[in-house]
>>> print(open('protein.cif').read())   # mmCIF, C-alpha atoms
data_run
#
loop_
_atom_site.label_atom_id
_atom_site.label_comp_id
_atom_site.auth_asym_id
_atom_site.auth_seq_id
_atom_site.Cartn_x
_atom_site.Cartn_y
_atom_site.Cartn_z
CA MET A 189 201.51 69.50 -101.94
CA GLY A 190 199.97 71.41 -99.05
CA LYS A 191 201.29 71.32 -95.55
CA GLN A 192 200.17 68.44 -93.38
CA MET A 193 197.58 69.56 -90.85
CA LYS A 194 198.99 69.63 -87.32
CA ARG A 195 197.19 67.35 -84.87
CA PRO A 196 195.57 69.12 -81.93
CA SER A 197 197.56 68.85 -78.71
CA LEU A 198 196.19 67.39 -75.50
CA THR A 199 195.86 70.91 -74.13
CA THR A 200 193.72 71.87 -77.13
CA TRP A 201 191.48 68.86 -76.63
CA ILE A 202 191.08 69.64 -72.94
CA LEU A 203 190.08 73.23 -73.72
CA ILE A 204 187.58 71.99 -76.31
CA ALA A 205 186.19 69.50 -73.77
CA LEU A 206 185.98 72.28 -71.17
CA PHE A 207 183.73 74.47 -73.30
CA ALA A 208 181.77 71.48 -74.63
CA GLY A 209 181.08 70.34 -71.06
CA ILE A 210 179.91 73.82 -70.05
CA ALA A 211 177.55 74.00 -73.03
CA PHE A 212 176.21 70.47 -72.49
CA GLY A 213 175.60 71.14 -68.79
CA ALA A 214 173.84 74.44 -69.53
CA PHE A 215 171.52 73.10 -72.27
CA PHE A 216 170.97 69.52 -71.05
CA PRO A 217 171.25 69.67 -67.24
CA GLY A 218 169.44 66.35 -66.70
CA PRO A 219 171.66 64.08 -68.82
CA ALA A 220 174.70 66.18 -67.88
CA LYS A 221 174.46 65.09 -64.25
CA GLU A 222 175.08 61.51 -65.37
CA MET A 223 178.30 62.55 -67.12
CA GLY A 224 179.99 62.84 -63.73
CA LEU A 225 180.93 59.16 -64.14
CA LEU A 226 183.61 60.17 -66.65
CA GLY A 227 185.17 62.53 -64.13
CA THR A 228 184.96 59.87 -61.42
CA ILE A 229 186.80 57.32 -63.58
CA PHE A 230 189.52 59.83 -64.36
CA LEU A 231 189.80 60.70 -60.68
CA ARG A 232 190.22 57.03 -59.72
CA LEU A 233 192.97 56.67 -62.32
CA ILE A 234 194.73 59.74 -60.93
CA LYS A 235 194.54 58.32 -57.39
CA SER A 236 196.09 55.06 -58.59
CA ILE A 237 199.26 56.98 -59.51
CA ILE A 238 199.91 58.61 -56.13
CA ALA A 239 201.70 55.99 -54.03
CA PRO A 240 204.02 54.37 -56.62
CA LEU A 241 204.94 57.71 -58.20
CA ILE A 242 205.85 59.37 -54.90
CA PHE A 243 207.79 56.30 -53.73
CA ALA A 244 209.79 55.98 -56.94
CA THR A 245 210.59 59.67 -57.48
CA LEU A 246 211.55 60.45 -53.88
CA VAL A 247 213.69 57.37 -53.30
CA TYR A 248 215.50 57.71 -56.62
CA GLY A 249 215.86 61.48 -56.17
CA ILE A 250 217.50 61.10 -52.76
CA ALA A 251 219.56 57.97 -53.44
CA GLY A 252 220.46 58.93 -57.01
CA THR A 253 221.64 62.40 -56.10
CA GLY A 254 223.43 61.24 -52.98
CA SER A 255 223.88 62.93 -49.62
CA VAL A 256 224.45 66.64 -49.24
CA LYS A 257 228.10 65.86 -48.49
CA THR A 258 228.44 63.99 -51.76
CA MET A 259 226.69 66.72 -53.69
CA GLY A 260 229.22 69.08 -52.25
CA ARG A 261 229.15 72.81 -51.79
CA ILE A 262 227.07 73.58 -54.89
CA GLY A 263 224.44 70.98 -54.02
CA GLY A 264 224.09 72.29 -50.49
CA LYS A 265 223.61 75.86 -51.66
CA ALA A 266 221.12 74.79 -54.33
CA ILE A 267 219.00 72.74 -51.90
CA LEU A 268 218.99 75.59 -49.37
CA TYR A 269 217.83 78.04 -52.01
CA PHE A 270 215.18 75.62 -53.30
CA GLU A 271 213.62 75.05 -49.90
CA VAL A 272 213.54 78.74 -48.92
CA VAL A 273 211.94 79.91 -52.16
CA THR A 274 209.37 77.09 -52.40
CA THR A 275 208.36 77.71 -48.78
CA VAL A 276 207.79 81.39 -49.59
CA ALA A 277 205.72 80.30 -52.62
CA LEU A 278 203.52 78.13 -50.38
CA PHE A 279 202.83 81.05 -48.05
CA VAL A 280 202.07 83.37 -50.99
CA GLY A 281 199.47 80.89 -52.26
CA LEU A 282 198.01 80.44 -48.78
CA GLY A 283 197.78 84.20 -48.26
CA ALA A 284 196.13 84.78 -51.65
CA VAL A 285 193.44 82.11 -51.21
CA ASN A 286 192.61 83.27 -47.67
CA LEU A 287 192.37 86.87 -48.88
CA VAL A 288 190.19 86.30 -51.97
CA LYS A 289 188.29 83.16 -50.78
CA PRO A 290 187.45 81.93 -54.31
CA GLY A 291 185.85 78.71 -53.00
CA ALA A 292 183.31 80.37 -50.72
CA GLY A 293 179.77 79.66 -51.88
CA VAL A 294 180.47 76.62 -54.06
CA HIS A 295 178.86 74.18 -51.55
CA LEU A 296 180.91 71.14 -52.48
CA PRO A 297 179.70 68.12 -50.46
CA ASP A 298 182.02 67.65 -47.49
CA LYS A 299 183.03 64.00 -47.18
CA PRO A 300 185.68 63.94 -44.49
CA VAL A 301 188.07 61.03 -44.22
CA ALA A 302 189.02 59.65 -40.81
CA ASN A 303 192.67 60.55 -40.96
CA LEU A 304 195.12 63.27 -39.98
CA ALA A 305 192.86 66.31 -40.10
CA THR A 306 189.96 64.71 -38.25
CA SER A 307 191.56 62.24 -35.83
CA ALA A 308 194.61 64.16 -34.69
CA THR A 309 193.56 66.12 -31.61
CA SER A 310 196.96 67.02 -30.20
CA ALA A 311 200.53 67.65 -31.24
CA ALA A 312 201.46 64.19 -29.94
CA ALA A 313 198.74 62.52 -32.03
CA LEU A 314 199.79 64.56 -35.06
CA ALA A 315 203.43 63.52 -34.68
CA GLU A 316 202.48 59.88 -34.13
CA HIS A 317 200.32 59.83 -37.24
CA THR A 318 203.21 61.13 -39.35
CA PHE A 319 205.22 57.91 -39.01
CA PRO A 320 204.01 54.73 -40.74
CA THR A 321 203.74 51.33 -39.11
CA SER A 322 203.61 49.76 -42.58
CA ILE A 323 204.45 51.34 -45.92
CA ILE A 324 201.99 48.95 -47.62
CA ASP A 325 199.21 50.08 -45.29
CA ALA A 326 200.11 53.74 -45.85
CA MET A 327 200.00 53.26 -49.62
CA ALA A 328 196.70 51.39 -49.47
CA ARG A 329 195.08 54.16 -47.42
CA GLY A 330 196.68 56.98 -49.41
CA GLU A 331 198.55 58.43 -46.41
CA VAL A 332 200.87 60.68 -48.39
CA LEU A 333 202.75 62.14 -45.44
CA GLN A 334 203.59 58.68 -44.09
CA ILE A 335 204.77 57.59 -47.54
CA VAL A 336 207.05 60.64 -47.74
CA VAL A 337 208.59 59.99 -44.30
CA PHE A 338 209.30 56.37 -45.22
CA CYS A 339 210.78 57.36 -48.59
CA PHE A 340 213.13 59.94 -47.08
CA ILE A 341 214.51 57.44 -44.57
CA PHE A 342 214.62 54.64 -47.15
CA GLY A 343 216.31 56.87 -49.76
CA THR A 344 218.89 58.06 -47.23
CA ALA A 345 219.67 54.45 -46.33
CA CYS A 346 220.17 53.63 -50.02
CA ALA A 347 222.50 56.59 -50.45
CA THR A 348 224.49 55.59 -47.36
CA ILE A 349 225.29 52.01 -48.34
CA GLY A 350 226.25 53.03 -51.88
CA LEU A 351 226.82 50.33 -54.52
CA LYS A 352 224.99 47.60 -52.59
CA ALA A 353 221.77 49.61 -53.05
CA ARG A 354 222.29 50.07 -56.80
CA PRO A 355 219.69 47.42 -57.79
CA VAL A 356 217.08 49.12 -55.57
CA VAL A 357 217.92 52.58 -56.91
CA ASP A 358 217.81 51.33 -60.49
CA PHE A 359 214.44 49.73 -59.80
CA CYS A 360 213.10 53.03 -58.44
CA LYS A 361 214.47 54.84 -61.48
CA GLY A 362 212.73 52.40 -63.79
CA LEU A 363 209.53 52.54 -61.74
CA SER A 364 209.51 56.35 -61.85
CA GLU A 365 209.87 56.30 -65.64
CA VAL A 366 207.09 53.73 -65.91
CA MET A 367 204.82 55.82 -63.68
CA PHE A 368 205.55 58.97 -65.70
CA GLN A 369 204.50 57.06 -68.82
CA TYR A 370 201.49 55.66 -66.96
CA THR A 371 200.56 59.23 -66.05
CA ASN A 372 200.83 60.24 -69.70
CA TYR A 373 198.42 57.43 -70.64
CA VAL A 374 196.00 58.47 -67.91
CA MET A 375 196.14 62.07 -69.14
CA LEU A 376 194.89 60.89 -72.54
CA PHE A 377 191.58 60.33 -70.76
CA ALA A 378 191.67 63.89 -69.41
CA PRO A 379 189.45 65.46 -72.14
CA LEU A 380 186.66 62.99 -71.35
CA GLY A 381 187.18 63.56 -67.64
CA VAL A 382 187.06 67.33 -68.12
CA PHE A 383 183.90 67.08 -70.25
CA GLY A 384 182.14 64.87 -67.73
CA SER A 385 183.22 66.92 -64.71
CA MET A 386 182.22 70.27 -66.20
CA ALA A 387 178.95 68.96 -67.64
CA ALA A 388 177.95 67.42 -64.30
CA THR A 389 179.07 70.48 -62.33
CA VAL A 390 177.22 72.98 -64.52
CA GLY A 391 174.18 70.69 -64.86
CA ASP A 392 173.93 70.33 -61.07
CA LYS A 393 174.95 73.79 -59.87
CA GLY A 394 174.26 76.00 -62.89
CA LEU A 395 176.53 78.44 -64.67
CA GLY A 396 177.06 80.37 -61.45
CA VAL A 397 179.76 77.90 -60.37
CA LEU A 398 181.95 79.23 -63.20
CA VAL A 399 182.25 82.47 -61.28
CA ASN A 400 184.07 80.66 -58.48
CA LEU A 401 186.33 78.78 -60.90
CA GLY A 402 187.11 82.06 -62.65
CA LYS A 403 188.01 83.59 -59.29
CA LEU A 404 190.29 80.61 -58.63
CA VAL A 405 192.12 81.08 -61.96
CA LEU A 406 192.46 84.84 -61.47
CA THR A 407 193.64 84.34 -57.88
CA LEU A 408 196.34 81.92 -59.05
CA TYR A 409 197.53 84.19 -61.86
CA GLY A 410 197.56 87.19 -59.54
CA ALA A 411 199.51 85.28 -56.88
CA LEU A 412 202.03 84.02 -59.47
CA VAL A 413 202.54 87.54 -60.85
CA PHE A 414 203.07 88.80 -57.30
CA PHE A 415 205.53 85.97 -56.62
CA VAL A 416 207.53 86.61 -59.81
CA ILE A 417 207.70 90.39 -59.40
CA VAL A 418 208.12 90.68 -55.64
CA VAL A 419 209.86 87.46 -54.54
CA LEU A 420 211.94 86.54 -57.59
CA GLY A 421 212.48 90.22 -58.35
CA THR A 422 213.93 90.69 -54.86
CA VAL A 423 216.22 87.70 -55.40
CA ILE A 424 217.44 89.19 -58.69
CA PHE A 425 218.12 92.53 -56.99
CA ILE A 426 219.93 91.06 -53.97
CA CYS A 427 222.09 88.72 -56.06
CA LYS A 428 222.82 91.45 -58.63
CA ILE A 429 221.71 89.42 -61.62
CA PRO A 430 221.47 91.52 -64.83
CA LEU A 431 217.71 91.70 -65.40
CA LYS A 432 217.56 92.48 -69.12
CA ARG A 433 220.00 89.73 -70.10
CA PHE A 434 218.24 87.27 -67.81
CA ILE A 435 214.87 88.05 -69.43
CA ASP A 436 216.41 87.56 -72.87
CA ALA A 437 217.83 84.20 -71.78
CA VAL A 438 214.61 82.80 -70.28
CA ARG A 439 212.04 84.27 -72.69
CA GLU A 440 211.98 81.40 -75.20
CA PRO A 441 212.07 78.48 -72.72
CA TRP A 442 209.41 80.27 -70.65
CA LEU A 443 207.09 80.56 -73.66
CA LEU A 444 207.72 76.90 -74.52
CA ALA A 445 206.89 75.78 -70.98
CA PHE A 446 203.76 77.96 -70.94
CA SER A 447 202.43 76.73 -74.27
CA THR A 448 203.12 73.02 -73.67
CA ALA A 449 202.44 73.00 -69.91
CA SER A 450 205.54 70.79 -69.59
CA SER A 451 208.80 71.80 -67.93
CA GLU A 452 210.63 68.93 -69.63
CA ALA A 453 209.79 70.33 -73.07
CA ALA A 454 211.72 73.50 -72.23
CA LEU A 455 214.67 71.86 -70.44
CA PRO A 456 217.12 71.52 -73.39
CA LEU A 457 216.64 75.14 -74.45
CA ALA A 458 216.87 76.35 -70.84
CA LEU A 459 220.17 74.48 -70.34
CA GLU A 460 221.59 76.03 -73.50
CA ASN A 461 220.40 79.58 -72.81
CA MET A 462 221.56 79.68 -69.18
CA GLU A 463 225.02 78.55 -70.25
CA LYS A 464 225.05 81.32 -72.85
CA PHE A 465 223.89 83.68 -70.09
CA GLY A 466 227.19 83.00 -68.32
CA VAL A 467 226.41 80.30 -65.78
CA PRO A 468 229.20 77.67 -65.87
CA ASN A 469 228.26 74.38 -67.45
CA HIS A 470 228.82 72.26 -64.35
CA ILE A 471 226.43 74.49 -62.34
CA VAL A 472 223.73 74.53 -65.02
CA ALA A 473 223.98 70.76 -65.56
CA PHE A 474 223.47 70.07 -61.84
CA VAL A 475 221.17 72.82 -60.56
CA LEU A 476 218.62 72.99 -63.37
CA PRO A 477 217.68 69.26 -63.50
CA THR A 478 217.78 69.04 -59.69
CA GLY A 479 215.45 72.02 -59.53
CA TYR A 480 212.91 70.03 -61.53
CA SER A 481 212.51 67.86 -58.44
CA PHE A 482 213.11 70.29 -55.59
CA ASN A 483 212.29 73.80 -56.84
CA LEU A 484 208.68 73.86 -58.03
CA ASP A 485 207.76 77.46 -57.23
CA GLY A 486 204.64 77.63 -59.37
CA SER A 487 203.38 74.16 -58.47
CA THR A 488 203.81 74.59 -54.71
CA LEU A 489 202.05 77.95 -54.79
CA TYR A 490 199.20 76.38 -56.78
CA LEU A 491 198.90 73.39 -54.44
CA SER A 492 198.44 75.48 -51.29
CA LEU A 493 195.91 77.66 -53.10
CA ALA A 494 193.98 74.74 -54.63
CA ALA A 495 193.82 72.72 -51.40
CA MET A 496 192.39 75.70 -49.50
CA PHE A 497 189.96 76.36 -52.37
CA VAL A 498 188.54 72.85 -51.89
CA ALA A 499 188.35 73.39 -48.12
CA GLN A 500 186.40 76.61 -48.72
CA ALA A 501 184.16 74.96 -51.33
CA ALA A 502 183.33 72.14 -48.89
CA ASN A 503 182.77 74.62 -46.05
CA HIS A 504 185.43 72.67 -44.15
CA PRO A 505 187.42 75.30 -42.23
CA LEU A 506 190.99 74.39 -41.30
CA SER A 507 192.77 75.79 -38.29
CA PHE A 508 195.94 77.81 -38.80
CA GLY A 509 197.99 74.96 -37.36
CA THR A 510 196.42 72.46 -39.76
CA GLN A 511 197.09 74.83 -42.68
CA ILE A 512 200.76 75.05 -41.70
CA THR A 513 200.96 71.24 -41.43
CA MET A 514 199.37 70.98 -44.86
CA LEU A 515 201.98 73.41 -46.24
CA LEU A 516 204.75 71.20 -44.86
CA THR A 517 203.14 68.13 -46.42
CA LEU A 518 202.83 69.88 -49.78
CA MET A 519 206.43 71.07 -49.63
CA LEU A 520 207.58 67.45 -49.28
CA THR A 521 205.12 65.70 -51.59
CA SER A 522 205.48 68.13 -54.50
CA LYS A 523 209.05 67.04 -55.19
CA GLY A 524 209.89 65.21 -58.38
CA VAL A 525 206.86 65.60 -60.63
CA ALA A 526 207.40 68.91 -62.45
CA GLY A 527 208.08 67.28 -65.79
CA VAL A 528 204.66 65.60 -66.05
CA PRO A 529 201.83 67.80 -67.35
CA ARG A 530 199.13 68.31 -64.69
CA ALA A 531 200.96 66.03 -62.25
CA SER A 532 200.01 68.48 -59.49
CA LEU A 533 196.54 66.90 -59.62
CA VAL A 534 198.10 63.71 -58.29
CA ILE A 535 199.68 65.49 -55.34
CA LEU A 536 196.54 67.54 -54.69
CA ALA A 537 194.35 64.41 -54.59
CA GLY A 538 196.65 62.75 -52.06
CA THR A 539 196.82 65.86 -49.89
CA LEU A 540 193.04 66.35 -49.85
CA SER A 541 192.57 62.75 -48.74
CA THR A 542 195.21 63.07 -46.04
CA PHE A 543 193.57 66.15 -44.52
CA GLY A 544 190.00 64.93 -44.58
CA LEU A 545 188.90 67.08 -47.53
CA PRO A 546 186.67 65.73 -50.33
CA VAL A 547 188.78 64.39 -53.19
CA GLU A 548 185.82 65.28 -55.44
CA GLY A 549 187.23 68.80 -55.32
CA VAL A 550 189.85 67.67 -57.84
CA ALA A 551 187.07 66.99 -60.34
CA LEU A 552 185.75 70.51 -59.77
CA ILE A 553 189.16 72.05 -60.40
CA LEU A 554 189.91 69.73 -63.31
CA GLY A 555 187.89 71.79 -65.77
CA VAL A 556 190.18 74.82 -65.45
CA ASP A 557 193.36 72.98 -64.50
CA THR A 558 194.82 73.28 -68.00
CA ILE A 559 194.70 77.07 -67.83
CA MET A 560 196.35 77.04 -64.40
CA ASP A 561 198.90 74.37 -65.37
CA MET A 562 200.31 76.57 -68.13
CA ALA A 563 201.01 79.36 -65.64
CA ARG A 564 202.46 77.28 -62.81
CA THR A 565 204.68 75.25 -65.16
CA SER A 566 206.16 78.38 -66.73
CA VAL A 567 206.88 79.79 -63.26
CA ASN A 568 208.56 76.48 -62.33
CA LEU A 569 210.84 76.92 -65.33
CA LEU A 570 211.52 80.57 -64.56
CA GLY A 571 212.37 79.80 -60.94
CA ASN A 572 214.79 77.03 -61.91
CA CYS A 573 216.60 79.24 -64.42
CA LEU A 574 216.97 81.90 -61.73
CA ALA A 575 218.26 79.28 -59.29
CA THR A 576 221.19 78.46 -61.60
CA ALA A 577 222.09 82.14 -61.78
CA VAL A 578 221.83 82.58 -58.00
CA VAL A 579 224.07 79.58 -57.27
CA ALA A 580 226.56 80.87 -59.86
CA ARG A 581 226.66 84.26 -58.10
CA TRP A 582 227.16 82.52 -54.73
CA GLU A 583 230.11 80.74 -56.35
CA GLY A 584 231.60 84.12 -57.31
CA VAL A 585 230.74 84.05 -61.02
CA ASP A 586 230.44 87.48 -62.67
CA LEU A 587 227.28 87.43 -64.77
CA SER A 588 227.43 91.05 -65.90
CA ILE A 589 229.19 90.06 -69.12
CA ALA A 590 228.96 86.49 -70.39
CA PRO A 591 231.85 85.38 -72.63
CA PRO A 592 231.03 83.15 -75.61
CA VAL A 593 231.49 79.54 -74.58
CA ILE A 594 232.16 76.22 -76.27
CA GLY A 595 231.47 73.47 -73.77
CA ASP A 596 233.21 74.51 -70.56
CA LEU A 597 235.99 76.56 -72.16
CA PRO A 598 235.48 80.30 -72.72
CA ILE A 599 236.62 81.65 -76.09
CA PRO A 600 239.32 84.28 -75.46
CA GLU A 601 238.39 87.71 -76.73
CA ALA A 602 240.39 89.14 -79.58
CA PRO A 603 242.93 91.79 -78.46
CA ALA A 604 241.71 95.33 -78.96
CA ALA A 605 243.05 97.11 -82.01
CA ASN A 606 245.59 99.83 -81.36
#
>>> encode(input="protein.cif", output="C-alpha cells")
Amino acid sequence: MGKQMKRPSLTTWILIALFAGIAFGAFFPGPAKEMGLLGTIFLRLIKSIIAPLIFATLVYGIAGTGSVKTMGRIGGKAILYFEVVTTVALFVGLGAVNLVKPGAGVHLPDKPVANLATSATSAAALAEHTFPTSIIDAMARGEVLQIVVFCFIFGTACATIGLKARPVVDFCKGLSEVMFQYTNYVMLFAPLGVFGSMAATVGDKGLGVLVNLGKLVLTLYGALVFFVIVVLGTVIFICKIPLKRFIDAVREPWLLAFSTASSEAALPLALENMEKFGVPNHIVAFVLPTGYSFNLDGSTLYLSLAAMFVAQAANHPLSFGTQITMLLTLMLTSKGVAGVPRASLVILAGTLSTFGLPVEGVALILGVDTIMDMARTSVNLLGNCLATAVVARWEGVDLSIAPPVIGDLPIPEAPAAN
C-alpha cells in the first residue's frame, strides 16, 4: 500500500492563491477588480478579532503571571530584557523602512480616520486621547491604545486582589483560547482573501505593484538579518554565550518555526533543546513561554516596518513624534499573539486605524504576508531561546559545558580513569 498523500498546509494554499491571484489579475484585469470583495470580507473578519483578543491576552497575561514582585528576580530580569530588545527591534524596522521606502509610489487611497493621528494637535491632546472614557466605546471604535491602557490597569487590579479575581482571570483565559481558535477559523479563509486581494490589486494597478511588495519583503528580510547578526549577536558576545552550541540547540526549532509560521509548533522542541543546552529547567519553563507574550522580536520589527509601508503607500507622511508614539503603541499591542499564525495582521489593522492610516493597506500586504510571517516567526523563536540563555547567565549559570540532565537533576560525571 502506498503512502497516504499529505494534505497541503494552509501556507501552501496561501502561496498557491498568491500566484493564482497575480495571474488572474494580469490576464483578466476587469473581472479581477471585482475580486476585491473577498479581501474585504477577510479584512472585516480580521478586524472583528482585535478588541476581544487584545483584552483577553493582556488581562490574562498580567493577572495570570502576577506582579513583578511575585514573579521574583528571574521574572524581573526577563521582562527587562524583553522590553529592551523588542524596543531595539522596533527602531531597526523603523530605520529600515525609512531608508528603503518600499511603499513609495504605490498610491494606496488615503482614507484617514478621525482619531489619534489626525485629531491630536498637542501633547496634552495626545495624552488625553490615550485614556478611555469607556472600554466598550474604545472597543467599538477600534481604539487599540485605549484598550491596552484599560487592560494593563484592569490586569494589575486582578493580580493585586488575588483569589477573588480568579473567576475573571479564568474567563479571560478561556476567552483568549476561544479567540485563538476563532483566529484559526478566520485564517482558513485566508487563501480566498489572498486571491481576491492580489487579483484586485494587480488588475487595478498592474504588475508593477509587485515591485513594491517585493521591496517590502526584501526590506523585512534584510532588517531581520541585520537584527539577528548585529543585535542578537552583540547580546551573545556580551553575555558570553557559546555560539556554536547555541546554534546547534536552536537549529531544529528555528526550522520548524520557519516552515510552519507558528511559534507554538516549535515550543516543545525549544524547551527540550534549551534545557539540554544547559539552561536550568525552572528558567526555561518560565522565560520561554513568557517570551511568547512579551518578547516578539521579529513581529515587532515587522509591525513598525509594515505600518510605515502603508503610510508611504498612502502618501500619508507621519511626523517623527507620531512615529515614536506608534512604536510605543506597537510595543504594547504586540504582546500575547506570537503563537497564532499571521496574528500580526490583527495588530497591524488596529494600529493603522488608530493612527488614521487606511486599513486597506492590510489587504495589500496580505498577498506576501505568508512569506514575511515565516521569517518573523522564526526570529521570535530565536529571540526567545536566546532570552532563556541570557537570564541563565545573569543568574550565574555556566553555559560553556552543559551536563546531561534528567529533569532538574544533573547526572554526575563518571570519575576519570587513573
>>> resolve_selection(input="protein.cif", expression="the PyMOL selection byres ((chain A and resi 360-362) around 8)", output="list of chain:residue names")
A:Phe243, A:Ala244, A:Thr245, A:Val247, A:Tyr248, A:Val356, A:Val357, A:Asp358, A:Phe359, A:Leu363, A:Ser364, A:Glu365, A:Val366
>>> residues_around(input="protein.cif", residues="Glu222 of chain A", least_positions_apart="5", cutoff="12 Å", atoms="only C-alpha atoms", output="list of chain:residue names")
A:Phe212, A:Gly213, A:Phe216, A:Pro217, A:Gly227, A:Thr228, A:Phe383, A:Gly384, A:Ser385, A:Met386, A:Ala387, A:Ala388, A:Thr389, A:Val390, A:Gly391, A:Asp392
>>> resolve_selection(input="protein.cif", expression="the PyMOL selection byres ((chain A and resi 284-293) around 7)", output="PyMOL selection string")
chain A and resi 280-283+294-295+400+403-404+407+411+493+496-498+500-501
>>> resolve_selection(input="protein.cif", expression="the PyMOL selection byres ((chain A and resi 230) around 8)", output="list in words")
Leu226, Gly227, Thr228, Ile229, Leu231, Arg232, Leu233, Ile234, Val374, Phe377, Ala378 and Gly381 of chain A
>>> residues_around(input="protein.cif", residues="Ala575 of chain A", least_positions_apart="3", cutoff="9 Å", atoms="all atoms listed in the file", output="list of chain:residue names")
A:Ala266, A:Tyr269, A:Phe270, A:Val475, A:Leu476, A:Gly479, A:Asn483, A:Leu570, A:Gly571, A:Asn572, A:Val578, A:Val579, A:Ala580
>>> residues_around(input="protein.cif", residues="Thr488 of chain A", least_positions_apart="4", cutoff="7 Å", atoms="only C-alpha atoms", output="list in words")
Thr274, Ala277, Leu278, Leu484, Ser492, Leu518, Met519 and Ser522 of chain A
>>> residues_around(input="protein.cif", residues="segment 434-448 of chain A", least_positions_apart="5", cutoff="7 Å", atoms="all atoms listed in the file", output="list of chain:residue names")
A:Ala453, A:Ala454, A:Leu457, A:Ala458, A:Asn461, A:Met462, A:Phe465, A:Met562, A:Ala563, A:Thr565, A:Ser566, A:Leu569, A:Leu570
>>> atom_distance(input="protein.cif", atom1="atom CA of Tyr373 of chain A", atom2="atom CA of Leu459 of chain A")
27.6 Å
>>> atom_distance(input="protein.cif", atom1="atom CA of Ile210 of chain A", atom2="atom CA of Tyr370 of chain A")
28.4 Å
>>> axis_aligned_box(input="protein.cif", around="segment 404-415 of chain A", padding_each_side="8 Å", output="lines of an AutoDock Vina configuration file")
center_x = 197.9
center_y = 84.7
center_z = -59.3
size_x = 31.2
size_y = 24.2
size_z = 21.3
>>> closest_residue(input="protein.cif", among="A:Pro477, A:Gly218, A:Pro320, A:Pro355", to="Leu455 of chain A", atoms="only C-alpha atoms")
A:Pro477
>>> atom_distance(input="protein.cif", atom1="atom CA of Ser197 of chain A", atom2="atom CA of Leu489 of chain A")
26.0 Å
>>> closest_residue(input="protein.cif", among="A:Val336, A:Glu463, A:Gly584, A:Gly224", to="Glu548 of chain A", atoms="only C-alpha atoms")
A:Gly224
>>> closest_residue(input="protein.cif", among="A:Ser507, A:Thr517, A:Thr478, A:Asn372", to="Ile335 of chain A", atoms="only C-alpha atoms")
A:Thr517
>>> closest_residue(input="protein.cif", among="A:Thr558, A:Trp201, A:Ile237, A:Ala214", to="Phe368 of chain A", atoms="only C-alpha atoms")
A:Ile237
>>> closest_residue(input="protein.cif", among="A:Gly538, A:Pro240, A:Gly402, A:Gly509", to="Ile323 of chain A", atoms="only C-alpha atoms")
A:Pro240
>>> decode(input="protein.cif", residues="segment 226-254 of chain A", atoms="C-alpha atoms", output="PDB file, in the first residue's frame")
ATOM      1  CA  LEU A 226     -13.010  38.507  -0.965  1.00  0.00           C
ATOM      2  CA  GLY A 227     -10.175  40.513   0.525  1.00  0.00           C
ATOM      3  CA  THR A 228     -12.636  42.946   2.096  1.00  0.00           C
ATOM      4  CA  ILE A 229     -14.561  40.128   3.795  1.00  0.00           C
ATOM      5  CA  PHE A 230     -11.352  38.650   5.154  1.00  0.00           C
ATOM      6  CA  LEU A 231     -10.277  42.078   6.385  1.00  0.00           C
ATOM      7  CA  ARG A 232     -13.580  42.579   8.231  1.00  0.00           C
ATOM      8  CA  LEU A 233     -13.158  39.188   9.903  1.00  0.00           C
ATOM      9  CA  ILE A 234      -9.627  40.126  10.964  1.00  0.00           C
ATOM     10  CA  LYS A 235     -10.879  43.414  12.451  1.00  0.00           C
ATOM     11  CA  SER A 236     -13.522  41.537  14.440  1.00  0.00           C
ATOM     12  CA  ILE A 237     -10.740  39.752  16.337  1.00  0.00           C
ATOM     13  CA  ILE A 238      -8.841  42.818  17.540  1.00  0.00           C
ATOM     14  CA  ALA A 239     -10.658  44.018  20.664  1.00  0.00           C
ATOM     15  CA  PRO A 240     -11.567  40.687  22.353  1.00  0.00           C
ATOM     16  CA  LEU A 241      -8.183  39.130  21.587  1.00  0.00           C
ATOM     17  CA  ILE A 242      -6.173  42.041  22.993  1.00  0.00           C
ATOM     18  CA  PHE A 243      -8.411  42.277  26.071  1.00  0.00           C
ATOM     19  CA  ALA A 244      -8.220  38.565  26.860  1.00  0.00           C
ATOM     20  CA  THR A 245      -4.494  38.043  26.228  1.00  0.00           C
ATOM     21  CA  LEU A 246      -3.292  41.160  28.047  1.00  0.00           C
ATOM     22  CA  VAL A 247      -5.503  40.777  31.112  1.00  0.00           C
ATOM     23  CA  TYR A 248      -4.744  37.079  31.483  1.00  0.00           C
ATOM     24  CA  GLY A 249      -1.046  37.645  30.774  1.00  0.00           C
ATOM     25  CA  ILE A 250      -0.734  40.266  33.506  1.00  0.00           C
ATOM     26  CA  ALA A 251      -3.068  38.718  36.080  1.00  0.00           C
ATOM     27  CA  GLY A 252      -2.027  35.134  35.369  1.00  0.00           C
ATOM     28  CA  THR A 253       1.673  35.839  35.633  1.00  0.00           C
ATOM     29  CA  GLY A 254       1.278  38.078  38.649  1.00  0.00           C
TER      30      GLY A 254
END
